file protein_20.txt (compact mmCIF, N, CA and C atoms)
# COMPACT_ATOMS: atom_id res chain seq x y z
N GLN P 104 -77.83 15.16 -53.91
CA GLN P 104 -77.79 15.62 -52.55
C GLN P 104 -77.01 14.62 -51.70
N ARG P 105 -77.26 13.41 -51.92
CA ARG P 105 -76.56 12.36 -51.18
C ARG P 105 -75.08 12.42 -51.49
N LEU P 106 -74.72 12.66 -52.71
CA LEU P 106 -73.34 12.78 -53.13
C LEU P 106 -72.71 13.99 -52.47
N SER P 107 -73.43 15.03 -52.42
CA SER P 107 -72.96 16.25 -51.78
C SER P 107 -72.75 15.99 -50.29
N SER P 108 -73.65 15.23 -49.68
CA SER P 108 -73.54 14.93 -48.26
C SER P 108 -72.32 14.02 -48.03
N LEU P 109 -72.11 13.05 -48.90
CA LEU P 109 -70.95 12.16 -48.78
C LEU P 109 -69.65 12.94 -48.99
N LEU P 110 -69.71 13.81 -49.96
CA LEU P 110 -68.54 14.65 -50.24
C LEU P 110 -68.23 15.54 -49.05
N SER P 111 -69.25 16.09 -48.46
CA SER P 111 -69.08 16.96 -47.30
C SER P 111 -68.51 16.16 -46.13
N ARG P 112 -69.05 14.95 -45.92
CA ARG P 112 -68.56 14.10 -44.84
C ARG P 112 -67.11 13.69 -45.10
N ALA P 113 -66.79 13.40 -46.33
CA ALA P 113 -65.43 13.03 -46.71
C ALA P 113 -64.49 14.19 -46.47
N GLU P 114 -64.91 15.39 -46.82
CA GLU P 114 -64.10 16.60 -46.58
C GLU P 114 -63.88 16.78 -45.09
N SER P 115 -64.93 16.55 -44.30
CA SER P 115 -64.85 16.71 -42.86
C SER P 115 -63.88 15.67 -42.28
N GLU P 116 -63.99 14.42 -42.73
CA GLU P 116 -63.09 13.36 -42.27
C GLU P 116 -61.66 13.64 -42.72
N LYS P 117 -61.53 14.19 -43.92
CA LYS P 117 -60.22 14.55 -44.43
C LYS P 117 -59.58 15.60 -43.53
N ARG P 118 -60.36 16.61 -43.13
CA ARG P 118 -59.83 17.66 -42.24
C ARG P 118 -59.43 17.06 -40.89
N ILE P 119 -60.31 16.15 -40.37
CA ILE P 119 -60.02 15.50 -39.09
C ILE P 119 -58.73 14.68 -39.21
N LEU P 120 -58.63 13.88 -40.29
CA LEU P 120 -57.45 13.05 -40.51
C LEU P 120 -56.21 13.93 -40.72
N SER P 121 -56.41 15.03 -41.40
CA SER P 121 -55.32 15.97 -41.63
C SER P 121 -54.84 16.56 -40.30
N LEU P 122 -55.82 16.92 -39.44
CA LEU P 122 -55.45 17.43 -38.11
C LEU P 122 -54.76 16.35 -37.28
N ASP P 123 -55.30 15.11 -37.36
CA ASP P 123 -54.67 13.99 -36.65
C ASP P 123 -53.25 13.76 -37.16
N LEU P 124 -53.09 13.83 -38.46
CA LEU P 124 -51.78 13.64 -39.08
C LEU P 124 -50.81 14.72 -38.62
N GLU P 125 -51.27 15.97 -38.60
CA GLU P 125 -50.44 17.09 -38.15
C GLU P 125 -50.06 16.91 -36.68
N GLN P 126 -51.05 16.50 -35.89
CA GLN P 126 -50.79 16.28 -34.47
C GLN P 126 -49.77 15.15 -34.29
N SER P 127 -49.94 14.06 -35.05
CA SER P 127 -49.00 12.94 -34.99
C SER P 127 -47.60 13.38 -35.44
N ARG P 128 -47.54 14.21 -36.47
CA ARG P 128 -46.26 14.71 -36.96
C ARG P 128 -45.57 15.54 -35.88
N GLN P 129 -46.34 16.41 -35.20
CA GLN P 129 -45.79 17.24 -34.14
C GLN P 129 -45.30 16.36 -32.97
N GLN P 130 -46.11 15.35 -32.65
CA GLN P 130 -45.69 14.44 -31.59
C GLN P 130 -44.41 13.69 -31.99
N ASN P 131 -44.35 13.29 -33.26
CA ASN P 131 -43.15 12.60 -33.74
C ASN P 131 -41.93 13.52 -33.67
N GLU P 132 -42.13 14.81 -34.00
CA GLU P 132 -41.02 15.77 -33.92
C GLU P 132 -40.59 15.96 -32.47
N GLN P 133 -41.58 16.03 -31.55
CA GLN P 133 -41.24 16.16 -30.14
C GLN P 133 -40.50 14.91 -29.64
N THR P 134 -40.98 13.75 -30.07
CA THR P 134 -40.32 12.49 -29.69
C THR P 134 -38.91 12.45 -30.24
N LEU P 135 -38.77 12.86 -31.51
CA LEU P 135 -37.45 12.89 -32.14
C LEU P 135 -36.52 13.86 -31.39
N ALA P 136 -37.05 15.01 -31.01
CA ALA P 136 -36.26 15.98 -30.24
C ALA P 136 -35.86 15.37 -28.90
N SER P 137 -36.80 14.68 -28.25
CA SER P 137 -36.49 14.01 -26.97
C SER P 137 -35.43 12.94 -27.18
N LEU P 138 -35.54 12.19 -28.27
CA LEU P 138 -34.55 11.15 -28.57
C LEU P 138 -33.17 11.76 -28.80
N ARG P 139 -33.15 12.95 -29.49
CA ARG P 139 -31.87 13.63 -29.71
C ARG P 139 -31.25 14.05 -28.37
N VAL P 140 -32.11 14.56 -27.46
CA VAL P 140 -31.63 14.94 -26.13
C VAL P 140 -31.11 13.70 -25.40
N CYS P 141 -31.88 12.60 -25.48
CA CYS P 141 -31.46 11.35 -24.83
C CYS P 141 -30.14 10.86 -25.41
N GLU P 142 -30.00 10.93 -26.72
CA GLU P 142 -28.76 10.50 -27.38
C GLU P 142 -27.60 11.38 -26.93
N SER P 143 -27.85 12.67 -26.84
CA SER P 143 -26.82 13.59 -26.37
C SER P 143 -26.44 13.26 -24.93
N ASP P 144 -27.44 13.02 -24.09
CA ASP P 144 -27.19 12.63 -22.70
C ASP P 144 -26.42 11.31 -22.64
N ARG P 145 -26.82 10.36 -23.49
CA ARG P 145 -26.15 9.05 -23.51
C ARG P 145 -24.67 9.22 -23.86
N ILE P 146 -24.40 10.07 -24.84
CA ILE P 146 -23.01 10.32 -25.24
C ILE P 146 -22.24 10.97 -24.09
N ALA P 147 -22.89 11.96 -23.46
CA ALA P 147 -22.24 12.65 -22.33
C ALA P 147 -22.00 11.67 -21.18
N TYR P 148 -23.00 10.84 -20.86
CA TYR P 148 -22.84 9.86 -19.79
C TYR P 148 -21.77 8.84 -20.16
N GLY P 149 -21.73 8.46 -21.43
CA GLY P 149 -20.71 7.53 -21.89
C GLY P 149 -19.32 8.11 -21.68
N ALA P 150 -19.16 9.39 -21.99
CA ALA P 150 -17.87 10.05 -21.78
C ALA P 150 -17.52 10.09 -20.29
N GLN P 151 -18.53 10.40 -19.46
CA GLN P 151 -18.29 10.42 -18.01
C GLN P 151 -17.91 9.03 -17.51
N ILE P 152 -18.59 8.02 -18.03
CA ILE P 152 -18.29 6.64 -17.63
C ILE P 152 -16.85 6.29 -18.02
N GLU P 153 -16.44 6.72 -19.22
CA GLU P 153 -15.07 6.46 -19.66
C GLU P 153 -14.07 7.17 -18.74
N GLN P 154 -14.38 8.40 -18.34
CA GLN P 154 -13.50 9.14 -17.43
C GLN P 154 -13.43 8.44 -16.08
N ILE P 155 -14.59 8.04 -15.59
CA ILE P 155 -14.64 7.36 -14.29
C ILE P 155 -13.88 6.03 -14.36
N THR P 156 -14.06 5.31 -15.46
CA THR P 156 -13.36 4.04 -15.63
C THR P 156 -11.86 4.27 -15.69
N ALA P 157 -11.44 5.29 -16.43
CA ALA P 157 -10.01 5.60 -16.51
C ALA P 157 -9.46 5.98 -15.12
N ALA P 158 -10.23 6.78 -14.38
CA ALA P 158 -9.80 7.17 -13.04
C ALA P 158 -9.73 5.95 -12.12
N ARG P 159 -10.71 5.06 -12.25
CA ARG P 159 -10.72 3.84 -11.45
C ARG P 159 -9.50 2.98 -11.78
N ASP P 160 -9.22 2.82 -13.08
CA ASP P 160 -8.06 2.02 -13.50
C ASP P 160 -6.77 2.62 -12.97
N GLU P 161 -6.67 3.94 -13.03
CA GLU P 161 -5.48 4.62 -12.51
C GLU P 161 -5.37 4.42 -11.00
N THR P 162 -6.50 4.49 -10.31
CA THR P 162 -6.51 4.28 -8.87
C THR P 162 -6.08 2.85 -8.54
N VAL P 163 -6.57 1.90 -9.31
CA VAL P 163 -6.18 0.49 -9.09
C VAL P 163 -4.67 0.34 -9.26
N LEU P 164 -4.11 0.95 -10.30
CA LEU P 164 -2.66 0.88 -10.51
C LEU P 164 -1.91 1.54 -9.36
N MET P 165 -2.41 2.68 -8.91
CA MET P 165 -1.77 3.37 -7.80
C MET P 165 -1.83 2.52 -6.53
N LEU P 166 -2.97 1.86 -6.30
CA LEU P 166 -3.11 1.00 -5.14
C LEU P 166 -2.17 -0.20 -5.22
N ARG P 167 -2.05 -0.78 -6.41
CA ARG P 167 -1.11 -1.90 -6.58
C ARG P 167 0.31 -1.45 -6.31
N ASP P 168 0.67 -0.28 -6.85
CA ASP P 168 2.01 0.27 -6.64
C ASP P 168 2.24 0.52 -5.15
N ALA P 169 1.25 1.11 -4.49
CA ALA P 169 1.36 1.38 -3.06
C ALA P 169 1.49 0.07 -2.28
N GLN P 170 0.74 -0.96 -2.67
CA GLN P 170 0.82 -2.25 -1.99
C GLN P 170 2.19 -2.87 -2.17
N GLN P 171 2.76 -2.76 -3.40
CA GLN P 171 4.10 -3.28 -3.64
C GLN P 171 5.12 -2.56 -2.78
N LYS P 172 5.00 -1.23 -2.69
CA LYS P 172 5.92 -0.47 -1.85
C LYS P 172 5.75 -0.87 -0.39
N LEU P 173 4.51 -1.03 0.04
CA LEU P 173 4.25 -1.44 1.41
C LEU P 173 4.88 -2.81 1.68
N ASP P 174 4.72 -3.74 0.74
CA ASP P 174 5.33 -5.06 0.88
C ASP P 174 6.85 -4.95 0.97
N GLN P 175 7.44 -4.10 0.10
CA GLN P 175 8.88 -3.90 0.14
C GLN P 175 9.32 -3.32 1.48
N TYR P 176 8.58 -2.30 1.96
CA TYR P 176 8.92 -1.69 3.23
C TYR P 176 8.78 -2.70 4.37
N SER P 177 7.76 -3.54 4.30
CA SER P 177 7.57 -4.56 5.33
C SER P 177 8.73 -5.55 5.34
N MET P 178 9.15 -5.97 4.13
CA MET P 178 10.27 -6.90 4.04
C MET P 178 11.55 -6.24 4.56
N GLU P 179 11.75 -4.98 4.20
CA GLU P 179 12.93 -4.25 4.67
C GLU P 179 12.89 -4.09 6.19
N ARG P 180 11.72 -3.82 6.73
CA ARG P 180 11.59 -3.68 8.19
C ARG P 180 11.91 -5.00 8.87
N GLU P 181 11.40 -6.10 8.31
CA GLU P 181 11.68 -7.41 8.89
C GLU P 181 13.18 -7.69 8.85
N ARG P 182 13.83 -7.33 7.73
CA ARG P 182 15.27 -7.53 7.60
C ARG P 182 16.02 -6.70 8.65
N LEU P 183 15.61 -5.44 8.80
CA LEU P 183 16.25 -4.57 9.78
C LEU P 183 15.98 -5.05 11.20
N ASP P 184 14.78 -5.56 11.45
CA ASP P 184 14.47 -6.12 12.78
C ASP P 184 15.38 -7.32 13.08
N ARG P 185 15.59 -8.18 12.07
CA ARG P 185 16.48 -9.34 12.25
C ARG P 185 17.92 -8.86 12.53
N LEU P 186 18.36 -7.86 11.75
CA LEU P 186 19.71 -7.32 11.97
C LEU P 186 19.84 -6.73 13.37
N LEU P 187 18.82 -5.99 13.79
CA LEU P 187 18.85 -5.40 15.12
C LEU P 187 18.92 -6.49 16.20
N ARG P 188 18.09 -7.51 16.06
CA ARG P 188 18.13 -8.62 17.03
C ARG P 188 19.50 -9.29 17.04
N GLN P 189 20.06 -9.47 15.83
CA GLN P 189 21.39 -10.08 15.74
C GLN P 189 22.44 -9.20 16.41
N GLU P 190 22.35 -7.88 16.16
CA GLU P 190 23.29 -6.94 16.80
C GLU P 190 23.13 -6.99 18.32
N GLN P 191 21.88 -7.05 18.78
CA GLN P 191 21.65 -7.12 20.22
C GLN P 191 22.22 -8.42 20.79
N ASP P 192 21.98 -9.53 20.08
CA ASP P 192 22.54 -10.81 20.52
C ASP P 192 24.06 -10.75 20.53
N ASP P 193 24.64 -10.20 19.45
CA ASP P 193 26.10 -10.07 19.38
C ASP P 193 26.61 -9.18 20.50
N GLY P 194 25.90 -8.09 20.77
CA GLY P 194 26.29 -7.19 21.85
C GLY P 194 26.26 -7.89 23.20
N GLU P 195 25.21 -8.68 23.42
CA GLU P 195 25.12 -9.42 24.67
C GLU P 195 26.26 -10.43 24.78
N LYS P 196 26.57 -11.10 23.66
CA LYS P 196 27.67 -12.06 23.66
C LYS P 196 28.99 -11.36 23.94
N ARG P 197 29.20 -10.18 23.29
CA ARG P 197 30.43 -9.41 23.52
C ARG P 197 30.51 -8.97 24.98
N TYR P 198 29.37 -8.55 25.53
CA TYR P 198 29.34 -8.12 26.92
C TYR P 198 29.69 -9.30 27.83
N ASP P 199 29.07 -10.47 27.54
CA ASP P 199 29.35 -11.66 28.34
C ASP P 199 30.82 -12.06 28.21
N ARG P 200 31.36 -11.99 27.00
CA ARG P 200 32.77 -12.34 26.76
C ARG P 200 33.68 -11.33 27.46
N HIS P 201 33.30 -10.06 27.41
CA HIS P 201 34.08 -9.02 28.09
C HIS P 201 34.11 -9.28 29.60
N ALA P 202 32.95 -9.61 30.15
CA ALA P 202 32.88 -9.90 31.59
C ALA P 202 33.73 -11.13 31.92
N GLN P 203 33.68 -12.13 31.06
CA GLN P 203 34.48 -13.35 31.28
C GLN P 203 35.97 -13.00 31.22
N LEU P 204 36.35 -12.19 30.21
CA LEU P 204 37.75 -11.80 30.09
C LEU P 204 38.20 -10.96 31.27
N GLU P 205 37.35 -10.07 31.76
CA GLU P 205 37.70 -9.28 32.95
C GLU P 205 37.90 -10.18 34.16
N GLN P 206 37.05 -11.19 34.28
CA GLN P 206 37.18 -12.13 35.39
C GLN P 206 38.49 -12.91 35.27
N GLU P 207 38.80 -13.37 34.04
CA GLU P 207 40.05 -14.09 33.82
C GLU P 207 41.24 -13.18 34.11
N LEU P 208 41.16 -11.90 33.68
CA LEU P 208 42.23 -10.95 33.93
C LEU P 208 42.42 -10.74 35.42
N SER P 209 41.33 -10.62 36.12
CA SER P 209 41.40 -10.45 37.57
C SER P 209 42.07 -11.65 38.22
N LEU P 210 41.70 -12.85 37.77
CA LEU P 210 42.32 -14.06 38.31
C LEU P 210 43.82 -14.08 38.00
N LEU P 211 44.17 -13.69 36.75
CA LEU P 211 45.58 -13.67 36.35
C LEU P 211 46.35 -12.63 37.16
N GLN P 212 45.76 -11.46 37.38
CA GLN P 212 46.43 -10.43 38.17
C GLN P 212 46.64 -10.91 39.60
N ARG P 213 45.65 -11.59 40.15
CA ARG P 213 45.79 -12.13 41.51
C ARG P 213 46.89 -13.18 41.55
N ARG P 214 46.89 -14.02 40.51
CA ARG P 214 47.93 -15.07 40.44
C ARG P 214 49.31 -14.45 40.29
N ILE P 215 49.39 -13.37 39.47
CA ILE P 215 50.67 -12.67 39.32
C ILE P 215 51.12 -12.11 40.66
N ARG P 216 50.22 -11.50 41.40
CA ARG P 216 50.56 -10.97 42.72
C ARG P 216 51.03 -12.09 43.66
N GLU P 217 50.32 -13.23 43.56
CA GLU P 217 50.72 -14.38 44.38
C GLU P 217 52.13 -14.84 44.01
N ILE P 218 52.36 -14.91 42.67
CA ILE P 218 53.68 -15.35 42.19
C ILE P 218 54.74 -14.32 42.60
N GLU P 219 54.42 -13.03 42.46
CA GLU P 219 55.37 -11.99 42.87
C GLU P 219 55.67 -12.12 44.38
N PHE P 220 54.59 -12.37 45.15
CA PHE P 220 54.77 -12.54 46.59
C PHE P 220 55.66 -13.75 46.87
N GLU P 221 55.35 -14.86 46.16
CA GLU P 221 56.14 -16.08 46.33
C GLU P 221 57.59 -15.83 45.90
N SER P 222 57.73 -15.10 44.78
CA SER P 222 59.05 -14.79 44.27
C SER P 222 59.84 -13.96 45.28
N THR P 223 59.19 -12.98 45.85
CA THR P 223 59.84 -12.14 46.86
C THR P 223 60.21 -12.98 48.06
N ASP P 224 59.29 -13.85 48.44
CA ASP P 224 59.54 -14.73 49.58
C ASP P 224 60.71 -15.67 49.27
N LEU P 225 60.76 -16.22 48.06
CA LEU P 225 61.86 -17.11 47.68
C LEU P 225 63.18 -16.34 47.63
N ARG P 226 63.16 -15.11 47.17
CA ARG P 226 64.39 -14.28 47.13
C ARG P 226 64.91 -14.06 48.56
N SER P 227 63.94 -13.77 49.41
CA SER P 227 64.33 -13.55 50.81
C SER P 227 64.97 -14.80 51.39
N GLN P 228 64.35 -15.95 51.10
CA GLN P 228 64.89 -17.21 51.58
C GLN P 228 66.27 -17.48 50.98
N LEU P 229 66.39 -17.20 49.66
CA LEU P 229 67.65 -17.41 48.96
C LEU P 229 68.75 -16.51 49.54
N ILE P 230 68.39 -15.29 49.83
CA ILE P 230 69.35 -14.34 50.37
C ILE P 230 69.75 -14.83 51.77
N ARG P 231 68.79 -15.33 52.55
CA ARG P 231 69.07 -15.83 53.89
C ARG P 231 69.96 -17.05 53.81
N ILE P 232 69.71 -17.90 52.85
CA ILE P 232 70.46 -19.15 52.71
C ILE P 232 71.87 -18.82 52.21
N THR P 233 71.95 -17.97 51.20
CA THR P 233 73.24 -17.67 50.57
C THR P 233 74.00 -16.61 51.36
N GLY P 234 73.35 -16.03 52.20
CA GLY P 234 73.83 -15.10 53.10
C GLY P 234 74.64 -13.98 52.91
call {"tool": "encode", "arguments": {"input": "protein_20.txt", "output": "structure tokens"}}
result
Amino acid sequence: QRLSSLLSRAESEKRILSLDLEQSRQQNEQTLASLRVCESDRIAYGAQIEQITAARDETVLMLRDAQQKLDQYSMERERLDRLLRQEQDDGEKRYDRHAQLEQELSLLQRRIREIEFESTDLRSQLIRITG
């Protein structure tokens, strides 16, 4: 009877352990399924990260290129500003020289008129003297 009772208890524990084992197996399968989903997500996120990284790298290159162009345009603008200032300075010098030459021309024309007047006066005197 005692053997029968032990056997019965062992059978009962075996069923309990069997149920526990089945439950653990199911939990392990669920965990494994969750891990597969996580792995799939990790792969997908990894691909997204690679895309984002590639886009970032491309953006950095584009920004560098844009900065180089901006630097070139700035240098060209500075060069053109210097040329413009030089042209303005040259224009002012030409204007000043033109005004100076006009003044000299005016003085020469006045002197020519004076000389012509003197010449006419001397001719008149010469004609009066030579009669």
call {"tool": "atom_distance", "arguments": {"input": "protein_20.txt", "atom1": "CA of Ser177 (chain P)", "atom2": "CA of Gln189 (chain P)"}}
result
18.2 Å
call {"tool": "atom_distance", "arguments": {"input": "protein_20.txt", "atom1": "atom N of Ser227 (chain P)", "atom2": "atom C of Arg214 (chain P)"}}
result
17.3 Å
call {"tool": "atom_distance", "arguments": {"input": "protein_20.txt", "atom1": "CA of Glu114 (chain P)", "atom2": "atom N of Thr134 (chain P)"}}
result
28.6 Å
call {"tool": "build_atoms", "arguments": {"input": "protein_20.txt", "residues": "region 155-166 of chain P", "atoms": "all heavy atoms", "output": "short mmCIF file (atom, residue, chain, number, x, y, z; two decimals), in the coordinates of the input"}}
result
data_model
loop_
_atom_site.label_atom_id
_atom_site.label_comp_id
_atom_site.auth_asym_id
_atom_site.auth_seq_id
_atom_site.Cartn_x
_atom_site.Cartn_y
_atom_site.Cartn_z
N ILE P 155 -14.59 8.04 -15.59
CA ILE P 155 -14.64 7.36 -14.29
C ILE P 155 -13.88 6.03 -14.36
O ILE P 155 -13.13 5.69 -13.45
CB ILE P 155 -16.10 7.13 -13.85
CG1 ILE P 155 -16.74 8.48 -13.50
CG2 ILE P 155 -16.20 6.17 -12.68
CD1 ILE P 155 -18.25 8.44 -13.32
N THR P 156 -14.06 5.31 -15.46
CA THR P 156 -13.36 4.04 -15.63
C THR P 156 -11.86 4.27 -15.69
O THR P 156 -11.09 3.53 -15.06
CB THR P 156 -13.85 3.33 -16.92
OG1 THR P 156 -15.26 3.10 -16.81
CG2 THR P 156 -13.15 2.01 -17.12
N ALA P 157 -11.44 5.29 -16.43
CA ALA P 157 -10.01 5.60 -16.51
C ALA P 157 -9.46 5.98 -15.12
O ALA P 157 -8.38 5.53 -14.73
CB ALA P 157 -9.76 6.73 -17.50
N ALA P 158 -10.23 6.78 -14.38
CA ALA P 158 -9.80 7.17 -13.04
C ALA P 158 -9.73 5.95 -12.12
O ALA P 158 -8.80 5.81 -11.32
CB ALA P 158 -10.75 8.22 -12.46
N ARG P 159 -10.71 5.06 -12.25
CA ARG P 159 -10.72 3.84 -11.45
C ARG P 159 -9.50 2.98 -11.78
O ARG P 159 -8.81 2.49 -10.88
CB ARG P 159 -12.00 3.04 -11.70
CG ARG P 159 -12.09 1.79 -10.81
CD ARG P 159 -12.87 0.66 -11.40
NE ARG P 159 -12.31 0.27 -12.67
CZ ARG P 159 -13.00 -0.29 -13.63
NH1 ARG P 159 -14.29 -0.49 -13.51
NH2 ARG P 159 -12.43 -0.64 -14.77
N ASP P 160 -9.22 2.82 -13.08
CA ASP P 160 -8.06 2.02 -13.50
C ASP P 160 -6.77 2.62 -12.97
O ASP P 160 -5.88 1.91 -12.49
CB ASP P 160 -8.01 1.91 -15.02
CG ASP P 160 -9.17 1.09 -15.59
OD1 ASP P 160 -9.86 0.40 -14.81
OD2 ASP P 160 -9.39 1.16 -16.82
N GLU P 161 -6.67 3.94 -13.03
CA GLU P 161 -5.48 4.62 -12.51
C GLU P 161 -5.37 4.42 -11.00
O GLU P 161 -4.28 4.18 -10.48
CB GLU P 161 -5.55 6.12 -12.84
CG GLU P 161 -4.30 6.88 -12.46
CD GLU P 161 -4.37 8.34 -12.87
OE1 GLU P 161 -5.17 8.69 -13.75
OE2 GLU P 161 -3.61 9.12 -12.29
N THR P 162 -6.50 4.49 -10.31
CA THR P 162 -6.51 4.28 -8.87
C THR P 162 -6.08 2.85 -8.54
O THR P 162 -5.31 2.64 -7.59
CB THR P 162 -7.91 4.57 -8.29
OG1 THR P 162 -8.27 5.91 -8.62
CG2 THR P 162 -7.94 4.37 -6.79
N VAL P 163 -6.57 1.90 -9.31
CA VAL P 163 -6.18 0.49 -9.09
C VAL P 163 -4.67 0.34 -9.26
O VAL P 163 -4.00 -0.32 -8.44
CB VAL P 163 -6.95 -0.45 -10.04
CG1 VAL P 163 -6.35 -1.83 -10.06
CG2 VAL P 163 -8.42 -0.52 -9.64
N LEU P 164 -4.11 0.95 -10.30
CA LEU P 164 -2.66 0.88 -10.51
C LEU P 164 -1.91 1.54 -9.36
O LEU P 164 -0.89 1.01 -8.89
CB LEU P 164 -2.29 1.55 -11.84
CG LEU P 164 -2.74 0.81 -13.11
CD1 LEU P 164 -2.41 1.63 -14.36
CD2 LEU P 164 -2.09 -0.56 -13.20
N MET P 165 -2.41 2.68 -8.91
CA MET P 165 -1.77 3.37 -7.80
C MET P 165 -1.83 2.52 -6.53
O MET P 165 -0.85 2.44 -5.77
CB MET P 165 -2.42 4.73 -7.56
CG MET P 165 -2.10 5.75 -8.65
SD MET P 165 -3.08 7.27 -8.58
CE MET P 165 -2.77 7.84 -6.94
N LEU P 166 -2.97 1.86 -6.30
CA LEU P 166 -3.11 1.00 -5.14
C LEU P 166 -2.17 -0.20 -5.22
O LEU P 166 -1.56 -0.59 -4.22
CB LEU P 166 -4.57 0.52 -4.99
CG LEU P 166 -5.56 1.57 -4.49
CD1 LEU P 166 -6.98 1.03 -4.58
CD2 LEU P 166 -5.24 1.98 -3.07
#
